[in-house]
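To be precise, the following lines are final22.cif, and they hold mmCIF, C-alpha atoms.
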data_final
#
loop_
_atom_site.label_atom_id
_atom_site.label_comp_id
_atom_site.auth_asym_id
_atom_site.auth_seq_id
_atom_site.Cartn_x
_atom_site.Cartn_y
_atom_site.Cartn_z
CA MET A 1 0.75 51.21 -13.40
CA LYS A 2 3.69 52.96 -11.79
CA ARG A 3 7.06 51.56 -12.83
CA TRP A 4 9.63 51.14 -10.14
CA PRO A 5 13.18 52.18 -10.86
CA LEU A 6 15.39 49.15 -11.32
CA GLY A 7 17.52 50.01 -8.30
CA VAL A 8 14.52 50.13 -5.95
CA ALA A 9 13.28 46.82 -7.35
CA ALA A 10 16.68 45.26 -6.77
CA ILE A 11 16.77 46.48 -3.18
CA ALA A 12 13.22 45.25 -2.64
CA ALA A 13 14.12 41.88 -4.14
CA ALA A 14 17.20 41.61 -1.96
CA PHE A 15 15.12 42.47 1.09
CA VAL A 16 12.49 39.86 0.28
CA LEU A 17 15.11 37.22 -0.44
CA GLY A 18 16.98 38.14 2.73
CA PHE A 19 13.81 37.88 4.75
CA TRP A 20 12.98 34.51 3.24
CA GLY A 21 16.51 33.42 3.79
CA SER A 22 16.39 34.16 7.48
CA SER A 23 13.16 32.22 8.01
CA SER A 24 13.85 29.51 5.45
CA LEU A 25 14.05 25.84 6.28
CA PRO A 26 17.21 24.48 7.88
CA GLU A 27 19.80 22.75 5.76
CA ASP A 28 18.76 19.30 6.86
CA SER A 29 15.11 19.92 5.98
CA ARG A 30 13.43 17.82 3.29
CA SER A 31 11.07 18.98 0.61
CA PHE A 32 9.34 17.65 -2.46
CA GLU A 33 7.80 19.03 -5.65
CA LEU A 34 5.07 16.67 -6.82
CA THR A 35 1.58 16.69 -8.35
CA ALA A 36 -1.61 16.60 -6.30
CA VAL A 37 -4.61 14.44 -7.29
CA ASP A 38 -6.33 17.45 -8.92
CA GLY A 39 -3.33 17.85 -11.21
CA SER A 40 -1.98 20.96 -9.50
CA ALA A 41 1.61 21.31 -8.34
CA LEU A 42 2.20 20.33 -4.74
CA SER A 43 5.22 21.74 -2.96
CA SER A 44 5.79 20.51 0.57
CA ALA A 45 7.59 23.71 1.59
CA GLU A 46 4.57 25.80 0.62
CA ALA A 47 1.75 23.44 1.50
CA PHE A 48 3.07 22.56 4.95
CA SER A 49 4.94 25.77 5.76
CA GLY A 50 5.59 25.95 9.50
CA SER A 51 3.74 22.68 10.18
CA PRO A 52 4.86 19.14 10.73
CA TYR A 53 3.74 16.43 8.33
CA LEU A 54 3.81 12.71 7.74
CA ILE A 55 4.74 11.07 4.45
CA THR A 56 4.54 7.51 3.21
CA PHE A 57 5.25 5.86 -0.13
CA GLY A 58 3.48 3.08 -2.01
CA TYR A 59 1.17 2.28 -4.94
CA THR A 60 -2.47 1.38 -5.33
CA PHE A 61 -1.59 -1.90 -7.06
CA CYS A 62 -0.54 -3.24 -3.68
CA PRO A 63 -3.59 -5.13 -2.32
CA ASP A 64 -2.85 -5.41 1.35
CA VAL A 65 0.17 -3.68 2.84
CA CYS A 66 -0.36 -0.17 1.43
CA PRO A 67 -4.08 -0.05 2.32
CA THR A 68 -3.23 -1.30 5.80
CA THR A 69 -0.62 1.43 6.19
CA LEU A 70 -3.04 4.12 4.98
CA ALA A 71 -5.81 2.88 7.28
CA TYR A 72 -3.34 3.02 10.14
CA LEU A 73 -2.18 6.49 9.11
CA SER A 74 -5.72 7.81 9.01
CA THR A 75 -6.44 6.34 12.45
CA VAL A 76 -3.28 7.95 13.85
CA MET A 77 -4.26 11.31 12.34
CA GLU A 78 -7.72 11.21 13.86
CA ALA A 79 -6.36 10.24 17.25
CA TYR A 80 -3.71 12.97 17.03
CA GLU A 81 -6.36 15.57 16.27
CA GLU A 82 -8.52 14.39 19.13
CA ARG A 83 -5.65 14.54 21.56
CA ASN A 84 -3.96 17.73 20.39
CA GLY A 85 -6.81 19.70 18.89
CA GLU A 86 -4.92 20.24 15.65
CA ARG A 87 -4.67 18.35 12.44
CA LEU A 88 -1.55 16.72 11.12
CA ASN A 89 -0.82 16.84 7.43
CA ALA A 90 -0.12 13.53 5.74
CA VAL A 91 0.87 12.62 2.20
CA PHE A 92 0.68 9.32 0.39
CA VAL A 93 3.12 9.38 -2.52
CA SER A 94 2.44 6.90 -5.28
CA VAL A 95 5.68 5.70 -6.81
CA ASP A 96 3.68 4.28 -9.73
CA PRO A 97 2.67 7.27 -11.89
CA GLN A 98 2.24 5.03 -14.93
CA ARG A 99 -0.79 3.25 -13.42
CA ASP A 100 -1.83 5.59 -10.61
CA THR A 101 -3.45 8.45 -12.43
CA PRO A 102 -4.31 11.48 -10.28
CA GLU A 103 -8.00 10.54 -10.54
CA ARG A 104 -7.49 6.99 -9.30
CA LEU A 105 -5.13 8.12 -6.60
CA GLY A 106 -7.72 10.66 -5.44
CA GLN A 107 -10.44 8.00 -5.10
CA TYR A 108 -7.99 5.76 -3.32
CA VAL A 109 -6.82 8.18 -0.61
CA GLU A 110 -10.35 9.46 -0.06
CA PHE A 111 -11.47 5.97 0.92
CA PHE A 112 -9.23 6.05 3.98
CA GLY A 113 -10.46 9.42 5.23
CA GLY A 114 -8.50 11.60 7.60
CA GLY A 115 -7.66 14.09 4.86
CA ILE A 116 -4.65 12.17 3.57
CA ILE A 117 -3.22 14.00 0.57
CA GLY A 118 -2.43 11.93 -2.51
CA ALA A 119 0.54 12.89 -4.66
CA THR A 120 2.61 11.52 -7.48
CA GLY A 121 4.93 12.98 -10.08
CA THR A 122 7.13 12.43 -13.05
CA PRO A 123 9.74 9.68 -12.74
CA GLU A 124 12.34 12.44 -12.27
CA GLN A 125 10.35 14.13 -9.49
CA LEU A 126 9.80 10.80 -7.76
CA ALA A 127 13.47 9.90 -8.02
CA ALA A 128 14.42 13.26 -6.52
CA THR A 129 11.82 12.86 -3.76
CA SER A 130 12.92 9.37 -2.83
CA LYS A 131 16.51 10.56 -2.62
CA THR A 132 15.57 13.54 -0.47
CA TYR A 133 13.54 11.44 1.96
CA SER A 134 16.03 8.56 1.93
CA VAL A 135 13.46 6.08 0.71
CA TYR A 136 13.91 3.33 -1.82
CA PHE A 137 11.71 2.14 -4.62
CA GLU A 138 12.37 -0.04 -7.60
CA ARG A 139 10.19 -1.51 -10.29
CA VAL A 140 10.42 -5.28 -10.69
CA PRO A 141 8.92 -7.21 -13.58
CA GLY A 142 5.76 -9.29 -13.13
CA ARG A 143 4.44 -11.94 -15.50
CA ASP A 144 3.67 -9.33 -18.13
CA ASP A 145 4.32 -5.65 -18.82
CA GLU A 146 1.07 -4.53 -17.23
CA ASN A 147 1.53 -6.36 -13.97
CA TYR A 148 4.92 -5.16 -12.82
CA LEU A 149 5.51 -4.79 -9.10
CA ILE A 150 7.32 -2.12 -7.12
CA ASP A 151 9.49 -2.72 -4.09
CA HIS A 152 9.23 0.27 -1.81
CA SER A 153 10.25 1.48 1.63
CA ALA A 154 7.58 0.85 4.24
CA GLY A 155 6.77 3.03 7.24
CA ILE A 156 5.47 6.54 7.75
CA LEU A 157 8.10 9.28 7.98
CA VAL A 158 7.64 12.02 10.56
CA LEU A 159 8.80 15.55 9.69
CA ASP A 160 8.75 18.38 12.21
CA ASP A 161 7.60 21.97 11.71
CA LYS A 162 10.98 22.82 10.16
CA HIS A 163 10.59 19.81 7.85
CA ARG A 164 13.43 17.86 9.37
CA LEU A 165 13.07 14.10 9.25
CA ARG A 166 12.61 13.06 12.86
CA GLY A 167 11.53 9.43 12.84
CA VAL A 168 9.34 6.69 11.44
CA LEU A 169 5.96 5.29 12.48
CA ARG A 170 5.46 1.63 11.68
CA GLU A 171 2.09 0.16 10.92
CA GLY A 172 1.46 -2.45 13.57
CA GLU A 173 2.55 -0.26 16.47
CA SER A 174 -0.29 0.56 18.81
CA LEU A 175 -2.05 3.87 18.54
CA ASP A 176 -0.68 4.89 21.94
CA GLN A 177 2.81 4.06 20.78
CA ALA A 178 2.37 6.14 17.64
CA LEU A 179 0.95 9.10 19.59
CA GLY A 180 3.81 8.80 22.07
CA THR A 181 6.33 8.87 19.23
CA LEU A 182 4.66 11.92 17.71
CA ALA A 183 4.53 13.73 21.06
CA GLU A 184 8.21 13.08 21.49
CA LEU A 185 9.26 14.08 17.98
CA LEU A 186 7.04 17.07 17.26
CA MET B 1 5.93 -39.56 -21.68
CA LYS B 2 3.95 -42.76 -21.39
CA LEU B 3 4.31 -42.60 -17.65
CA LYS B 4 3.07 -39.03 -17.62
CA ALA B 5 0.06 -40.00 -19.74
CA LEU B 6 -0.66 -42.86 -17.37
CA LEU B 7 -0.39 -40.54 -14.38
CA MET B 8 -2.69 -38.01 -16.00
CA ALA B 9 -5.21 -40.78 -16.67
CA MET B 10 -5.03 -41.90 -13.06
CA ILE B 11 -5.54 -38.36 -11.87
CA ALA B 12 -8.48 -37.95 -14.19
CA VAL B 13 -10.27 -40.87 -12.59
CA SER B 14 -9.14 -40.28 -9.02
CA PRO B 15 -12.31 -39.32 -7.19
CA LEU B 16 -12.66 -36.17 -5.14
CA ALA B 17 -9.03 -35.18 -5.08
CA SER B 18 -10.16 -31.77 -3.86
CA ALA B 19 -11.65 -33.17 -0.67
CA GLU B 20 -8.11 -33.40 0.67
CA LEU B 21 -7.50 -29.70 0.59
CA SER B 22 -9.69 -27.24 2.40
CA PHE B 23 -9.47 -23.50 2.81
CA ASP B 24 -10.55 -22.38 6.27
CA GLU B 25 -11.32 -18.91 7.62
CA GLY B 26 -11.05 -17.68 4.06
CA TYR B 27 -11.96 -14.21 2.92
CA ALA B 28 -11.18 -11.73 0.18
CA LEU B 29 -10.63 -8.04 0.80
CA GLN B 30 -13.12 -5.61 -0.66
CA SER B 31 -11.88 -3.50 -3.54
CA ILE B 32 -10.66 -0.06 -2.60
CA PRO B 33 -11.85 2.67 -4.97
CA GLY B 34 -9.21 3.41 -7.57
CA ALA B 35 -7.23 0.26 -6.80
CA PRO B 36 -7.13 -2.43 -9.48
CA ASN B 37 -6.37 -5.47 -7.35
CA SER B 38 -7.54 -7.49 -4.38
CA ALA B 39 -6.41 -10.54 -2.47
CA ALA B 40 -7.71 -13.55 -0.58
CA PHE B 41 -6.46 -14.89 2.72
CA GLY B 42 -7.16 -17.97 4.80
CA ARG B 43 -5.68 -21.32 5.74
CA PHE B 44 -4.99 -24.20 3.38
CA VAL B 45 -5.42 -27.48 5.26
CA ASN B 46 -4.16 -30.71 3.73
CA GLU B 47 -6.02 -33.65 5.20
CA GLY B 48 -4.44 -36.12 2.80
CA ASP B 49 -1.41 -38.36 3.08
CA ASP B 50 0.63 -36.58 0.45
CA ASP B 51 2.10 -33.11 0.28
CA ILE B 52 0.19 -30.80 -2.04
CA ARG B 53 2.23 -28.41 -4.13
CA LEU B 54 0.07 -25.55 -5.35
CA VAL B 55 1.57 -24.03 -8.46
CA SER B 56 -1.06 -21.68 -9.84
CA ALA B 57 -4.43 -20.08 -9.29
CA THR B 58 -7.35 -18.93 -11.40
CA SER B 59 -10.43 -16.88 -10.69
CA ALA B 60 -13.36 -15.39 -12.52
CA VAL B 61 -13.11 -12.21 -10.44
CA SER B 62 -9.84 -11.03 -11.98
CA ASN B 63 -7.93 -10.93 -15.23
CA ARG B 64 -5.07 -12.79 -13.63
CA THR B 65 -4.73 -14.68 -10.40
CA GLU B 66 -1.40 -15.51 -8.82
CA LEU B 67 0.03 -16.89 -5.62
CA HIS B 68 1.95 -14.09 -3.97
CA ALA B 69 4.04 -13.42 -0.91
CA HIS B 70 5.06 -10.25 0.83
CA SER B 71 8.37 -9.88 2.52
CA MET B 72 9.97 -7.03 4.39
CA VAL B 73 13.69 -6.79 3.71
CA ASP B 74 15.63 -4.00 5.43
CA GLY B 75 12.54 -1.82 5.68
CA VAL B 76 11.60 -2.39 2.04
CA MET B 77 8.29 -4.09 1.28
CA LYS B 78 8.53 -6.57 -1.55
CA MET B 79 5.69 -8.46 -3.17
CA ARG B 80 6.46 -11.37 -5.43
CA GLU B 81 4.72 -14.18 -7.20
CA VAL B 82 5.81 -17.44 -5.59
CA PRO B 83 6.53 -20.50 -7.76
CA GLU B 84 4.63 -22.81 -5.41
CA VAL B 85 2.92 -23.06 -2.05
CA VAL B 86 3.57 -26.44 -0.45
CA VAL B 87 0.95 -27.70 1.97
CA PRO B 88 2.55 -30.70 3.71
CA ALA B 89 0.44 -33.81 4.37
CA GLY B 90 -1.62 -33.37 7.51
CA GLU B 91 -0.55 -29.77 7.92
CA SER B 92 -1.78 -26.31 7.08
CA VAL B 93 -0.39 -23.14 5.55
CA MET B 94 -1.67 -19.74 6.54
CA LEU B 95 -2.25 -17.02 3.98
CA GLU B 96 -2.29 -13.90 6.09
CA ARG B 97 -2.16 -10.14 5.82
CA GLY B 98 1.34 -8.99 5.01
CA GLY B 99 2.32 -12.49 3.91
CA LEU B 100 1.14 -15.14 1.48
CA HIS B 101 -2.03 -14.39 -0.47
CA VAL B 102 -4.03 -15.28 -3.52
CA MET B 103 -3.59 -12.16 -5.63
CA PHE B 104 -6.43 -10.98 -7.85
CA LEU B 105 -4.81 -8.82 -10.53
CA GLY B 106 -7.22 -6.54 -12.29
CA VAL B 107 -10.59 -7.32 -10.73
CA SER B 108 -13.24 -7.42 -13.44
CA ARG B 109 -15.54 -5.42 -11.17
CA PRO B 110 -15.04 -4.03 -7.67
CA LEU B 111 -15.43 -6.65 -4.94
CA ALA B 112 -18.05 -5.42 -2.48
CA PRO B 113 -18.44 -6.56 1.13
CA GLY B 114 -20.97 -9.36 1.47
CA GLU B 115 -20.31 -10.79 -1.98
CA GLN B 116 -18.58 -14.08 -2.63
CA ALA B 117 -15.32 -14.50 -4.51
CA GLU B 118 -14.44 -17.82 -6.09
CA PHE B 119 -11.02 -19.01 -7.02
CA SER B 120 -9.27 -22.28 -7.79
CA VAL B 121 -5.77 -23.40 -7.05
CA LEU B 122 -3.98 -26.04 -9.08
CA ASP B 123 -1.39 -28.47 -7.83
CA ASP B 124 1.58 -29.86 -9.73
CA ASN B 125 -0.43 -32.99 -10.59
CA GLY B 126 -3.05 -30.95 -12.37
CA ASN B 127 -5.68 -31.25 -9.65
CA SER B 128 -7.86 -28.22 -9.27
CA TYR B 129 -9.31 -27.17 -5.92
CA ALA B 130 -12.16 -24.69 -6.01
CA PHE B 131 -13.06 -22.42 -3.10
CA GLU B 132 -15.52 -19.66 -2.43
CA VAL B 133 -14.84 -17.02 0.17
CA PRO B 134 -16.81 -14.03 1.47
CA VAL B 135 -15.66 -10.53 0.64
CA LYS B 136 -14.85 -8.66 3.82
CA ALA B 137 -14.99 -4.93 4.36
CA PHE B 138 -11.63 -3.27 4.75
CA LYS B 139 -11.64 -2.27 8.38
CA ARG B 140 -9.60 0.48 9.84
CA GLN B 141 -8.01 -0.41 13.12
CA GLY B 142 -8.60 1.44 16.36
CA ASN B 143 -11.65 3.48 17.13
CA SER B 144 -12.77 5.82 14.45
CA HIS B 145 -15.27 8.52 15.18
CA SER B 146 -17.11 10.05 12.32
CA HIS B 147 -18.58 12.78 14.53
CA LYS B 148 -15.96 14.01 16.88
CA GLY B 149 -17.41 17.39 17.77
CA ASN B 150 -13.98 18.76 18.58
CA LYS B 151 -13.88 22.30 19.83
CA HIS B 152 -11.03 24.49 18.71
#

Final structure tokens representation of the file:
Amino acid sequence: MKRWPLGVAAIAAAFVLGFWGSSSLPEDSRSFELTAVDGSALSSAEAFSGSPYLITFGYTFCPDVCPTTLAYLSTVMEAYEERNGERLNAVFVSVDPQRDTPERLGQYVEFFGGGIIGATGTPEQLAATSKTYSVYFERVPGRDDENYLIDHSAGILVLDDKHRLRGVLREGESLDQALGTLAELL
Amino acid sequence: MKLKALLMAMIAVSPLASAELSFDEGYALQSIPGAPNSAAFGRFVNEGDDDIRLVSATSAVSNRTELHAHSMVDGVMKMREVPEVVVPAGESVMLERGGLHVMFLGVSRPLAPGEQAEFSVLDDNGNSYAFEVPVKAFKRQGNSHSHKGNKH
């Protein structure tokens, strides 16, 4: 293999970095580094490059509100695709990596259809992600160590093609309302 | 303590205490793959002359059963066990989606639509009220089309 002189490599690197820099995401963009349900790394900047996406936070332990939100999200995604002819990306982030293994999370998101992507991460990754997306979550004790609960921000965040946070969809709004919001924001 | 013993004895012989409390429009949600828990919803109706204070729940379908409430505070969803659910005399209390529910923690096997789920609630006098509710499929809202045939 031909070895490039160091100087040429440096110029090439500077060029590549400069190019990336010029097309990189704006300062107020949001991004996460998490783990997908197959165990691979999931980076929002790479996975959704140039596309808008939706993101919501929860945990599978939650029997009612999280499933309702995901069912709503999947319905919105299908309707969006029907209306616009293109798919929206959507991520469900479990803030409970201790109980929500990638395998369980995968089964869970698959149930709702619509191609919702499941993701979770280390406590550090999740803390960083929640800070970046301005969401809140906190573990609260249950009756025993196994059955702790987690308070978490509700709603589905809408990010545009430059990954700027543009608004929130709320489960309970009509489908037309949600599509109207998306049309306005994206 | 004597009084308590006497009360317990009276309760033990009081016939059909459970007839006073019914659970209408009850159902449990089917288990979602990968999810450990489920919940039951419906309406407690107290047809008796005294308030009923429900303080705990049990069920064969789960490792633990608790009375829970959801609340949304400043955009944050919180779920908590509640110390009691009071069903006033002659009134009813609704357990509905996003609110109060009977929480099945750690279902022993997945609850499938069409099955029955039994649970009991206990009041502060030690009365137990047993109910059986159907397991309902988790329905997505809106119209979902499995075959859209979209052209791109």

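You can rank B:Ser38, B:Thr58, B:Ser31, B:Ser92 by their closest distance to chain A using only C-alpha atoms, and at the top of that list sits B:Ser38.
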
* Point out the residue among A:Leu186, A:Cys66, A:Leu126, A:Leu149 with the least atom-to-atom distance to Arg164 of chain A, counting all atoms listed in the file. => A:Leu186

* Asked: Got a sec: who's within 7 Å of Leu95 of chain B, counting all atoms listed in the file, leaving out chain neighbours fewer than 2 positions off, as a PyMOL selection string?
  -> chain B and resi 41-43+93+99-101

* Asked: Got a sec to pull out which chain B residues are within 6 Å of chain A, counting only C-alpha atoms, and send them as number ranges by chain?
  -> B: 33-35, 37-38, 75-78, 98, 140

* Structure fact -> Of B:Gly26, B:Gly114, B:Gly48, B:Pro83, the one sitting nearest Glu132 of chain B when using all atoms listed in the file is B:Gly26

* What is the atom CA of Ala45 of chain A to atom CA of Leu157 of chain A distance in Å? -> 15.8 Å

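Proximity ranking of A:Glu173, A:Glu184, A:Asp38, A:Glu27 relative to Val158 of chain A places A:Glu184 first, based on only C-alpha atoms.
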
Quick one: what's the axis-aligned box for segment 60-76 of chain A, all listed atoms, 6 Å on every side, centre and edges in Å to one decimal, as lines of an AutoDock Vina configuration file?
center_x = -3.1
center_y = 1.3
center_z = 3.4
size_x = 18.6
size_y = 25.4
size_z = 32.9

Expected selection from the PyMOL selection byres ((chain B and resi 50) around 8), given as a compact mmCIF listing (two decimals) with C-alpha atoms, keeping the file's coordinate frame:
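Wrote part.txt, looks like this:
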# COMPACT_ATOMS: atom_id res chain seq x y z
CA GLY B 48 -4.44 -36.12 2.80
CA ASP B 49 -1.41 -38.36 3.08
CA ASP B 51 2.10 -33.11 0.28
CA ILE B 52 0.19 -30.80 -2.04
CA PRO B 88 2.55 -30.70 3.71
CA ALA B 89 0.44 -33.81 4.37

* To do: Give me the residues within 12 Å of segment 121-124 of chain A as a PyMOL selection string, counting all atoms listed in the file and dropping any in the same chain fewer than 4 places off.
  => chain A and resi 32-37+39-43+92-102+105+128-131+137-139

If we count all atoms listed in the file, what is near Ser62 of chain B at a cut-off of 8 Å, once residues fewer than 5 positions away on the same chain are taken out, given as a CSV table (one decimal) with C-alpha atoms, in the coordinates of the input?
chain,number,residue,atom,x,y,z
B,104,PHE,CA,-6.4,-11.0,-7.8
B,105,LEU,CA,-4.8,-8.8,-10.5
B,106,GLY,CA,-7.2,-6.5,-12.3
B,107,VAL,CA,-10.6,-7.3,-10.7
B,108,SER,CA,-13.2,-7.4,-13.4

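Once the PyMOL selection byres ((chain A and resi 30) around 7) is applied to the shown structure, the selection contains Asp28, Ser29, Ser31, Thr132, Tyr133, His163 and Arg164 of chain A.
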
* Asked: Just how far from atom CA of Ile55 of chain A is atom CA of Val91 of chain A, in Å to one decimal?
  -> 4.7 Å

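Atom CA of Arg53 of chain B is found 5.8 Å from atom CA of Val85 of chain B.
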